[in-house]
file target.cif (mmCIF, C-alpha atoms and all ligand atoms)
data_data
loop_
_atom_site.label_atom_id
_atom_site.label_comp_id
_atom_site.auth_asym_id
_atom_site.auth_seq_id
_atom_site.Cartn_x
_atom_site.Cartn_y
_atom_site.Cartn_z
CA MET A 1 95.69 113.45 99.72
CA SER A 2 96.94 112.13 96.45
CA GLY A 3 96.58 113.02 92.82
CA LEU A 4 96.96 110.93 89.71
CA ARG A 5 97.49 113.00 86.57
CA GLN A 6 98.35 111.94 83.08
CA SER A 7 99.20 113.55 79.74
CA LEU A 8 102.43 115.34 80.57
CA PRO A 9 104.43 116.91 77.73
CA GLY A 10 106.80 114.67 75.78
CA ALA A 11 110.30 114.27 77.17
CA THR A 12 113.33 112.05 77.21
CA ILE A 13 116.11 111.41 79.70
CA THR A 14 119.39 111.93 77.86
CA GLY A 15 121.94 111.88 80.69
CA TRP A 16 122.37 110.38 84.13
CA ALA A 17 125.08 110.16 86.78
CA ALA A 18 125.66 109.56 90.48
CA ALA A 19 128.15 110.99 92.94
CA LEU A 20 129.16 109.31 96.19
CA PRO A 21 131.71 110.61 98.73
CA ASP A 22 134.96 108.68 99.09
CA THR A 23 134.67 107.75 102.78
CA VAL A 24 133.15 104.28 103.25
CA VAL A 25 131.58 103.63 106.66
CA THR A 26 131.02 99.93 107.26
CA ASN A 27 128.77 98.17 109.75
CA ALA A 28 131.96 97.13 111.54
CA ASP A 29 132.73 100.83 112.12
CA PHE A 30 129.42 101.18 114.01
CA GLU A 31 129.90 97.85 115.78
CA ALA A 32 133.15 99.22 117.19
CA ARG A 33 131.48 102.13 119.00
CA LEU A 34 127.71 101.47 119.33
CA ASP A 35 125.59 98.70 120.82
CA THR A 36 124.85 97.18 117.41
CA SER A 37 126.11 94.42 115.13
CA ASP A 38 126.72 93.78 111.48
CA ALA A 39 124.28 90.86 111.71
CA TRP A 40 121.44 93.07 113.07
CA ILE A 41 121.98 95.82 110.50
CA VAL A 42 122.16 93.42 107.55
CA GLU A 43 119.19 91.35 108.68
CA ARG A 44 116.90 94.30 109.55
CA THR A 45 117.91 96.70 106.72
CA GLY A 46 120.12 95.01 104.10
CA ILE A 47 122.71 97.78 104.57
CA ARG A 48 126.40 96.76 104.63
CA GLU A 49 128.08 100.12 104.12
CA ARG A 50 127.32 103.76 103.32
CA ARG A 51 129.34 106.82 102.27
CA PHE A 52 129.87 109.96 104.37
CA GLY A 53 131.23 113.29 103.19
CA GLY A 54 130.95 116.23 100.84
CA THR A 55 128.23 118.84 100.92
CA THR A 56 124.84 118.77 99.25
CA SER A 57 126.07 121.25 96.60
CA THR A 58 129.44 119.59 95.89
CA LEU A 59 127.82 116.17 95.44
CA ALA A 60 125.05 117.69 93.30
CA ILE A 61 127.59 119.50 91.11
CA GLU A 62 129.55 116.29 90.54
CA ALA A 63 126.41 114.34 89.64
CA CYS A 64 125.15 117.14 87.35
CA ARG A 65 128.50 117.35 85.54
CA GLY A 66 128.38 113.60 84.92
CA ALA A 67 124.79 113.73 83.64
CA LEU A 68 125.54 116.69 81.34
CA LYS A 69 128.58 114.89 79.94
CA ARG A 70 126.58 111.72 79.33
CA ALA A 71 123.90 113.78 77.54
CA GLY A 72 126.40 115.81 75.54
CA VAL A 73 124.70 118.97 76.81
CA GLU A 74 126.44 122.19 77.90
CA ALA A 75 125.40 123.64 81.26
CA GLY A 76 124.67 126.91 79.47
CA ASP A 77 121.96 125.14 77.47
CA VAL A 78 120.07 124.08 80.61
CA ASP A 79 117.11 126.38 81.31
CA LEU A 80 115.69 124.65 84.40
CA LEU A 81 117.46 123.19 87.44
CA ILE A 82 115.47 121.49 90.20
CA LEU A 83 117.38 120.21 93.20
CA ALA A 84 115.54 117.88 95.56
CA THR A 85 117.00 117.91 99.04
CA THR A 86 116.19 117.98 102.74
CA THR A 87 119.73 118.96 103.67
CA PRO A 88 120.40 122.33 101.98
CA ASP A 89 123.87 123.83 102.45
CA LYS A 90 122.44 127.13 103.67
CA ARG A 91 119.09 128.44 104.81
CA VAL A 92 119.37 131.06 102.05
CA PRO A 93 119.99 130.92 99.15
CA ALA A 94 118.70 127.62 97.85
CA THR A 95 121.40 125.01 97.20
CA SER A 96 120.30 125.01 93.56
CA SER A 97 121.66 128.59 93.34
CA ILE A 98 125.11 127.36 94.30
CA VAL A 99 124.91 124.53 91.76
CA HIS A 100 123.50 126.84 89.06
CA ALA A 101 126.32 129.36 89.53
CA GLU A 102 129.08 126.75 89.68
CA LEU A 103 127.89 124.94 86.56
CA GLY A 104 126.96 128.07 84.60
CA CYS A 105 123.34 127.13 83.91
CA ARG A 106 120.80 129.57 82.47
CA GLY A 107 117.21 130.13 83.46
CA ALA A 108 115.30 129.02 86.51
CA ALA A 109 116.52 127.07 89.52
CA PHE A 110 114.91 126.11 92.78
CA ASP A 111 115.09 123.57 95.60
CA LEU A 112 112.27 121.15 96.27
CA ASN A 113 111.80 119.44 99.62
CA ALA A 114 109.64 116.34 99.47
CA ALA A 115 112.07 114.30 101.57
CA CYS A 116 112.85 110.86 100.18
CA ALA A 117 110.13 111.23 97.53
CA GLY A 118 111.90 114.39 96.32
CA PHE A 119 113.48 113.10 93.12
CA VAL A 120 110.25 111.70 91.70
CA TYR A 121 108.43 114.91 92.70
CA ALA A 122 111.17 116.92 90.94
CA LEU A 123 111.12 114.81 87.79
CA VAL A 124 107.35 115.14 87.42
CA THR A 125 107.61 118.88 88.13
CA ALA A 126 110.36 119.38 85.52
CA VAL A 127 108.44 117.59 82.78
CA SER A 128 105.27 119.51 83.74
CA MET A 129 107.22 122.75 83.33
CA PHE A 130 107.97 121.87 79.72
CA GLN A 131 104.33 122.87 79.23
CA ALA A 132 105.38 126.35 80.35
CA GLY A 133 108.11 126.56 77.73
CA PHE A 134 111.21 125.17 79.44
CA ARG A 135 113.17 122.83 77.15
CA ARG A 136 116.09 121.28 78.98
CA ALA A 137 116.16 120.43 82.69
CA LEU A 138 118.69 119.16 85.17
CA VAL A 139 116.91 117.23 87.90
CA VAL A 140 119.12 116.32 90.82
CA GLY A 141 118.58 114.63 94.17
CA SER A 142 121.32 115.39 96.66
CA ASP A 143 121.41 114.80 100.39
CA THR A 144 123.98 114.69 103.17
CA LEU A 145 121.93 113.02 105.88
CA SER A 146 125.03 112.17 107.93
CA ARG A 147 125.04 115.87 108.94
CA ILE A 148 121.59 115.66 110.55
CA THR A 149 121.88 112.19 112.05
CA ASP A 150 122.91 111.60 115.68
CA GLN A 151 125.91 109.33 115.18
CA ASP A 152 125.51 108.05 118.74
CA ASP A 153 121.91 106.86 118.21
CA ARG A 154 121.99 103.28 116.96
CA GLY A 155 118.34 103.55 115.89
CA THR A 156 119.17 106.05 113.11
CA ALA A 157 122.97 106.26 112.74
CA VAL A 158 123.32 103.00 110.83
CA LEU A 159 120.59 103.84 108.31
CA PHE A 160 121.63 106.98 106.46
CA GLY A 161 124.34 107.99 104.01
CA ASP A 162 125.34 110.82 101.68
CA GLY A 163 125.18 111.01 97.89
CA ALA A 164 123.66 112.59 94.80
CA GLY A 165 122.16 111.53 91.50
CA ALA A 166 121.14 113.63 88.51
CA VAL A 167 119.44 113.33 85.15
CA VAL A 168 119.18 115.60 82.12
CA VAL A 169 115.61 115.70 80.81
CA GLU A 170 114.86 117.26 77.43
CA ALA A 171 111.52 118.23 75.92
CA THR A 172 110.59 116.40 72.72
CA PRO A 173 107.29 115.84 70.93
CA ASP A 174 108.48 112.37 69.88
CA HIS A 175 108.51 110.46 73.16
CA GLU A 176 106.09 110.12 76.06
CA LEU A 177 108.38 109.67 79.07
CA ILE A 178 106.00 109.84 82.03
CA LEU A 179 102.96 107.68 81.32
CA SER A 180 101.38 108.27 84.72
CA HIS A 181 102.31 109.62 88.11
CA ASP A 182 100.98 109.87 91.62
CA LEU A 183 102.29 112.44 94.10
CA GLY A 184 100.83 112.71 97.57
CA LEU A 185 101.21 113.58 101.21
CA ASP A 186 99.59 112.67 104.50
CA GLY A 187 100.45 115.49 106.90
CA SER A 188 98.88 113.70 109.86
CA LEU A 189 101.98 111.48 109.81
CA LEU A 190 104.42 114.36 110.32
CA PRO A 191 105.27 113.32 113.92
CA ILE A 192 106.69 109.92 112.93
CA LEU A 193 109.64 111.37 110.97
CA TYR A 194 111.06 114.89 111.23
CA CYS A 195 114.14 116.96 111.94
CA ASN A 196 114.01 120.38 113.59
CA HIS A 197 116.48 123.17 112.74
CA ALA A 198 119.84 122.37 114.34
CA GLY A 199 118.45 119.03 115.52
CA TYR A 200 118.79 115.41 114.52
CA ILE A 201 116.44 113.11 112.61
CA GLN A 202 113.68 111.78 114.88
CA MET A 203 111.97 108.66 113.64
CA GLU A 204 109.50 106.05 114.84
CA GLY A 205 111.14 103.37 112.73
CA ARG A 206 108.53 100.63 112.99
CA GLU A 207 105.64 102.97 112.17
CA VAL A 208 107.51 104.56 109.26
CA TYR A 209 108.21 101.08 107.96
CA ARG A 210 104.55 100.09 108.11
CA ARG A 211 103.35 103.31 106.48
CA ALA A 212 106.09 103.23 103.85
CA VAL A 213 105.10 99.79 102.59
CA ARG A 214 101.44 100.74 102.49
CA ALA A 215 101.95 104.15 100.82
CA THR A 216 104.35 102.79 98.22
CA VAL A 217 102.14 99.83 97.31
CA GLU A 218 99.01 101.98 97.04
CA SER A 219 100.69 104.77 95.07
CA ALA A 220 102.49 102.43 92.67
CA ALA A 221 99.28 100.44 92.17
CA ARG A 222 97.45 103.65 91.22
CA VAL A 223 100.11 104.47 88.67
CA LEU A 224 100.03 100.96 87.21
CA SER A 225 96.25 100.67 87.09
CA GLY A 226 96.00 104.17 85.57
CA THR A 227 97.71 102.81 82.47
CA GLY A 228 96.37 99.25 82.60
CA THR A 229 99.84 97.91 83.39
CA SER A 230 100.49 94.87 85.55
CA GLY A 231 103.42 94.60 87.95
CA ALA A 232 104.77 91.76 85.82
CA GLU A 233 105.12 94.13 82.86
CA VAL A 234 107.50 96.44 84.75
CA LYS A 235 111.01 95.92 83.34
CA LEU A 236 112.81 97.91 86.01
CA PHE A 237 111.64 98.92 89.47
CA VAL A 238 113.61 101.83 90.92
CA PRO A 239 112.40 102.28 94.50
CA HIS A 240 113.60 104.61 97.22
CA GLN A 241 116.37 102.79 99.03
CA ALA A 242 115.57 102.91 102.76
CA ASN A 243 115.44 99.27 103.72
CA ARG A 244 115.83 96.11 101.66
CA ARG A 245 112.88 94.54 103.49
CA ILE A 246 110.58 97.41 102.44
CA ILE A 247 111.61 96.97 98.80
CA ASP A 248 111.07 93.20 98.93
CA ALA A 249 107.63 93.60 100.53
CA VAL A 250 106.54 96.11 97.88
CA VAL A 251 107.84 93.96 95.02
CA ASP A 252 105.97 90.99 96.41
CA ARG A 253 102.67 92.85 96.77
CA LEU A 254 102.83 94.47 93.33
CA GLY A 255 103.73 91.27 91.50
CA ILE A 256 106.98 92.71 90.15
CA VAL A 257 109.63 90.19 89.08
CA PRO A 258 112.08 90.41 92.03
CA GLU A 259 115.21 90.44 89.84
CA ARG A 260 113.89 93.58 88.15
CA SER A 261 114.18 95.77 91.24
CA VAL A 262 117.32 97.84 91.60
CA ILE A 263 119.11 97.54 94.92
CA VAL A 264 121.89 99.89 96.00
CA VAL A 265 120.92 100.28 99.66
CA ASP A 266 123.48 97.64 100.65
CA ARG A 267 126.29 99.99 99.55
CA THR A 268 124.75 103.44 100.07
CA GLY A 269 122.37 103.23 103.00
CA ASN A 270 119.40 105.60 102.78
CA THR A 271 120.48 108.66 100.77
CA SER A 272 117.01 110.26 100.78
CA ALA A 273 116.25 112.24 97.58
CA SER A 274 119.39 110.84 95.96
CA SER A 275 118.55 107.18 96.20
CA VAL A 276 116.28 106.87 93.14
CA PRO A 277 118.65 108.63 90.67
CA ILE A 278 121.66 106.76 92.11
CA ALA A 279 119.83 103.45 91.58
CA LEU A 280 118.61 104.49 88.12
CA THR A 281 122.14 105.43 87.07
CA GLU A 282 123.56 102.13 88.24
CA ALA A 283 120.89 100.14 86.39
CA VAL A 284 121.18 102.09 83.14
CA GLU A 285 124.98 101.89 83.19
CA ALA A 286 124.72 98.13 83.77
CA GLY A 287 122.64 97.82 80.59
CA ARG A 288 119.54 96.72 82.49
CA VAL A 289 117.14 98.89 80.47
CA GLU A 290 116.37 99.17 76.76
CA ASP A 291 114.34 101.62 74.70
CA GLY A 292 110.64 100.97 75.17
CA ASP A 293 111.01 99.37 78.62
CA LEU A 294 108.61 100.37 81.39
CA ILE A 295 110.33 101.75 84.48
CA LEU A 296 108.45 102.19 87.75
CA MET A 297 109.93 104.70 90.22
CA SER A 298 108.69 105.22 93.73
CA GLY A 299 109.67 107.14 96.80
CA PHE A 300 108.29 107.85 100.28
CA GLY A 301 109.55 109.95 103.12
CA ALA A 302 109.01 112.53 105.82
CA GLY A 303 105.75 114.41 105.58
CA MET A 304 104.81 111.69 104.88
CA THR A 305 105.25 112.15 101.19
CA TRP A 306 105.03 109.58 98.46
CA ALA A 307 105.57 109.68 94.73
CA SER A 308 105.37 107.12 91.96
CA ALA A 309 105.87 107.46 88.23
CA LEU A 310 105.63 105.00 85.36
CA LEU A 311 108.17 105.87 82.68
CA ARG A 312 108.80 104.57 79.20
CA TRP A 313 112.53 104.57 78.57
CA GLY A 314 113.57 106.10 75.29
CA THR A 315 116.80 107.82 74.43
O1 LIG A 401 113.47 107.14 104.08
C1 LIG A 401 112.38 106.97 104.90
C2 LIG A 401 112.79 106.92 106.29
N1 LIG A 401 113.03 105.76 107.01
C3 LIG A 401 112.65 104.47 106.80
O2 LIG A 401 112.13 104.09 105.81
C4 LIG A 401 112.93 103.51 107.90
C5 LIG A 401 111.76 102.60 108.14
N2 LIG A 401 111.99 101.71 109.28
C6 LIG A 401 112.90 100.72 109.22
O3 LIG A 401 113.60 100.52 108.23
C7 LIG A 401 112.99 99.79 110.42
O4 LIG A 401 111.89 100.02 111.26
C8 LIG A 401 114.30 99.97 111.22
C9 LIG A 401 115.47 99.43 110.42
C10 LIG A 401 114.53 101.44 111.56
C11 LIG A 401 114.21 99.17 112.53
O5 LIG A 401 113.94 97.81 112.25
P1 LIG A 401 112.76 97.03 113.02
O6 LIG A 401 112.81 95.65 112.59
O7 LIG A 401 111.51 97.81 112.76
O8 LIG A 401 113.23 97.15 114.53
P2 LIG A 401 112.50 97.85 115.76
O9 LIG A 401 112.51 99.34 115.61
O10 LIG A 401 111.20 97.18 115.98
O11 LIG A 401 113.49 97.47 116.93
C12 LIG A 401 113.72 96.11 117.30
C13 LIG A 401 114.81 96.11 118.34
C14 LIG A 401 114.63 97.13 119.45
O12 LIG A 401 115.05 96.56 120.65
P3 LIG A 401 113.95 95.96 121.70
O13 LIG A 401 113.08 97.13 122.05
O14 LIG A 401 113.24 94.89 120.95
O15 LIG A 401 114.83 95.46 122.81
C15 LIG A 401 115.57 98.23 119.08
O16 LIG A 401 116.02 98.98 120.19
O17 LIG A 401 116.06 96.43 117.73
C16 LIG A 401 116.70 97.46 118.47
N3 LIG A 401 117.56 98.23 117.58
C17 LIG A 401 118.81 97.85 117.29
N4 LIG A 401 119.55 96.81 117.67
C18 LIG A 401 120.81 96.70 117.19
C19 LIG A 401 117.26 99.36 116.91
N5 LIG A 401 118.34 99.75 116.19
C20 LIG A 401 119.31 98.82 116.41
C21 LIG A 401 120.62 98.67 115.93
N6 LIG A 401 121.33 97.61 116.35
N7 LIG A 401 121.21 99.56 115.08
#

call {"tool": "encode", "arguments": {"input": "target.cif", "output": "structure tokens"}}
result
Amino acid sequence: MSGLRQSLPGATITGWAAALPDTVVTNADFEARLDTSDAWIVERTGIRERRFGGTTSTLAIEACRGALKRAGVEAGDVDLLILATTTPDKRVPATSSIVHAELGCRGAAFDLNAACAGFVYALVTAVSMFQAGFRRALVVGSDTLSRITDQDDRGTAVLFGDGAGAVVVEATPDHELILSHDLGLDGSLLPILYCNHAGYIQMEGREVYRRAVRATVESAARVLSGTGTSGAEVKLFVPHQANRRIIDAVVDRLGIVPERSVIVVDRTGNTSASSVPIALTEAVEAGRVEDGDLILMSGFGAGMTWASALLRWGT
């Protein structure tokens, strides 16, 4: 159900950016029309506000433009674009086609759906494809979950938000970026979190919570032990942002220094495949990571999927 692989080609992340829609939806906005309260939402999830708006492609394009600018790379020099999403703009073509055309990228582009683990899946896939000759990748997580959430269901409406995050990853023989990774899926858990065509997200929250903590701890522990790294050596933990309590439980069990985890869920809600690159961008921009630091990323989501990667930062 899970596979730990090592020895990926050398790579470095040279650009990063996030894109959030302008419309802020606060807990008070939900309080005004649903049987819920700011106190419940904050206590059970850590979420205070989230952003609604845009489309998966427009948010992805904005994030990609920011990442390209930060990297000093022209879109025409990108030869691989992987867009992780569960909320594509159209059934066909892939949303990555829209982004590719709008930006003027070259080469290959495809969407990847691994739910909230999508960005880490996409990053590992991109670096693996350097083995096949690709040199410069845009890896973007973009989701507009507000479009597939029943805004009258208090059990899900308060949890999700829209956003995108992107990185530019370049092949180089001089830096080992991904030290170890662990991507997996347990399809028997499909019924606890899914969304049918033209339907809304259906979720058994308590069961997803339980499984999410377990899957994240086990996957991250495999990645750490695969390189002989302890949780205490992790300089930055960039987890999927679904629930503050899930992050705290994972940090506690892995022995990660709590101040080293990145938290954006309070301001974004759960943005699915976007949450890890949004959190990474915020941390890097805040100067929380230096060359040589170990970064642990982890995601989990519908499927249920999970993905962890231990990275060594180096620009
Ligand atoms: O990205 C991956 C996908 N999702 C997740 O990772 C979510 C994982 N699950 C969770 O984060 C949590 O399970 C939730 C935040 C969804 C729920 O928190 P919980 O502490 O597990 O609550 P619960 O589902 O056990 O519900 C407790 C009570 C219930 O009422 P009763 O049956 O005890 O009377 C719910 O109906 O809270 C009620 N409830 C609410 N009350 C006020 C559920 N949603 C709300 C709400 N406001 N928005």

call {"tool": "closest_residue", "arguments": {"input": "target.cif", "among": "A:Val264, A:Ala242, A:Leu296, A:Ile98", "to": "ligand LIG 401 (chain A)", "atoms": "all atoms listed in the file"}}
result
A:Ala242

call {"tool": "residues_near_ligand", "arguments": {"input": "target.cif", "ligand": "ligand LIG 401 (chain A)", "cutoff": "6 Å", "atoms": "all atoms listed in the file", "output": "list in words"}}
result
Thr36, Ser37, Trp40, Ile41, Arg44, Thr45, Cys116, Arg154, Gly155, Val158, Gly205, Arg206, Val208, Tyr209, Ala242, Asn243, Ser272 and Gly301 of chain A

call {"tool": "residues_near_point", "arguments": {"input": "target.cif", "point": "(116.6, 124.6, 90.9)", "cutoff": "12 Å", "atoms": "all atoms listed in the file", "output": "PyMOL selection string"}}
result
chain A and resi 57+60+64+78-85+88+93-101+105-113+122-123+125-126+137-142

call {"tool": "atom_distance", "arguments": {"input": "target.cif", "atom1": "atom CA of Val251 of chain A", "atom2": "atom CA of Ser230 of chain A"}}
result
12.0 Å

call {"tool": "closest_residue", "arguments": {"input": "target.cif", "among": "A:Glu259, A:Ser274, A:Glu49, A:Ala212", "to": "Ile246 of chain A", "atoms": "all atoms listed in the file"}}
result
A:Ala212

call {"tool": "residues_around", "arguments": {"input": "target.cif", "residues": "segment 11-16 of chain A", "least_positions_apart": "3", "cutoff": "9 Å", "atoms": "all atoms listed in the file", "output": "PyMOL selection string"}}
result
chain A and resi 8+63-64+66-73+127+130+165-178+277-278+280-281+284-285+312-315

call {"tool": "closest_residue", "arguments": {"input": "target.cif", "among": "A:Ser180, A:Thr229, A:Thr216, A:Thr149", "to": "Arg253 of chain A", "atoms": "only C-alpha atoms"}}
result
A:Thr216

call {"tool": "residues_around", "arguments": {"input": "target.cif", "residues": "Ser261 of chain A", "least_positions_apart": "2", "cutoff": "9 Å", "atoms": "only C-alpha atoms", "output": "number ranges by chain"}}
result
A: 235-239, 247-248, 251, 256-259, 263

call {"tool": "closest_residue", "arguments": {"input": "target.cif", "among": "A:Val24, A:Val262, A:Ile192, A:Ala75", "to": "Leu103 of chain A", "atoms": "all atoms listed in the file"}}
result
A:Ala75

call {"tool": "atom_distance", "arguments": {"input": "target.cif", "atom1": "atom CA of Asp29 of chain A", "atom2": "atom CA of Gly54 of chain A"}}
result
19.2 Å

call {"tool": "build_atoms", "arguments": {"input": "target.cif", "residues": "segment 155-178 of chain A", "atoms": "N, CA and C atoms", "output": "tab-separated table (two decimals), keeping the file's coordinate frame"}}
result
chain	number	residue	atom	x	y	z
A	155	GLY	N	119.62	103.69	116.60
A	155	GLY	CA	118.34	103.55	115.89
A	155	GLY	C	118.32	104.27	114.54
A	156	THR	N	119.15	105.30	114.38
A	156	THR	CA	119.17	106.05	113.11
A	156	THR	C	120.56	106.07	112.46
A	157	ALA	N	121.61	106.05	113.29
A	157	ALA	CA	122.97	106.26	112.74
A	157	ALA	C	123.32	105.28	111.64
A	158	VAL	N	122.90	104.03	111.79
A	158	VAL	CA	123.32	103.00	110.83
A	158	VAL	C	122.56	103.08	109.50
A	159	LEU	N	121.50	103.90	109.46
A	159	LEU	CA	120.59	103.84	108.31
A	159	LEU	C	120.97	104.76	107.15
A	160	PHE	N	121.56	105.92	107.49
A	160	PHE	CA	121.63	106.98	106.46
A	160	PHE	C	123.02	107.18	105.90
A	161	GLY	N	123.07	107.69	104.67
A	161	GLY	CA	124.34	107.99	104.01
A	161	GLY	C	124.20	109.23	103.14
A	162	ASP	N	125.30	109.62	102.52
A	162	ASP	CA	125.34	110.82	101.68
A	162	ASP	C	125.51	110.44	100.22
A	163	GLY	N	124.99	111.28	99.32
A	163	GLY	CA	125.18	111.01	97.89
A	163	GLY	C	124.30	111.91	97.05
A	164	ALA	N	124.48	111.81	95.75
A	164	ALA	CA	123.66	112.59	94.80
A	164	ALA	C	123.48	111.81	93.51
A	165	GLY	N	122.40	112.11	92.82
A	165	GLY	CA	122.16	111.53	91.50
A	165	GLY	C	121.43	112.56	90.66
A	166	ALA	N	121.75	112.60	89.37
A	166	ALA	CA	121.14	113.63	88.51
A	166	ALA	C	120.77	113.05	87.16
A	167	VAL	N	119.77	113.67	86.54
A	167	VAL	CA	119.44	113.33	85.15
A	167	VAL	C	119.27	114.62	84.36
A	168	VAL	N	119.53	114.54	83.06
A	168	VAL	CA	119.18	115.60	82.12
A	168	VAL	C	117.90	115.15	81.44
A	169	VAL	N	116.89	116.02	81.45
A	169	VAL	CA	115.61	115.70	80.81
A	169	VAL	C	115.36	116.75	79.74
A	170	GLU	N	115.07	116.31	78.53
A	170	GLU	CA	114.86	117.26	77.43
A	170	GLU	C	113.45	117.11	76.86
A	171	ALA	N	112.86	118.24	76.52
A	171	ALA	CA	111.52	118.23	75.92
A	171	ALA	C	111.61	117.72	74.49
A	172	THR	N	110.68	116.88	74.12
A	172	THR	CA	110.59	116.40	72.72
A	172	THR	C	109.15	115.99	72.44
A	173	PRO	N	108.66	116.27	71.25
A	173	PRO	CA	107.29	115.84	70.93
A	173	PRO	C	107.24	114.35	70.59
A	174	ASP	N	108.43	113.73	70.44
A	174	ASP	CA	108.48	112.37	69.88
A	174	ASP	C	108.42	111.24	70.90
A	175	HIS	N	108.47	111.56	72.19
A	175	HIS	CA	108.51	110.46	73.16
A	175	HIS	C	107.71	110.82	74.42
A	176	GLU	N	106.84	109.92	74.82
A	176	GLU	CA	106.09	110.12	76.06
A	176	GLU	C	106.89	109.44	77.17
A	177	LEU	N	107.51	110.23	78.02
A	177	LEU	CA	108.38	109.67	79.07
A	177	LEU	C	107.57	109.24	80.29
A	178	ILE	N	106.76	110.15	80.81
A	178	ILE	CA	106.00	109.84	82.03
A	178	ILE	C	104.57	109.46	81.63
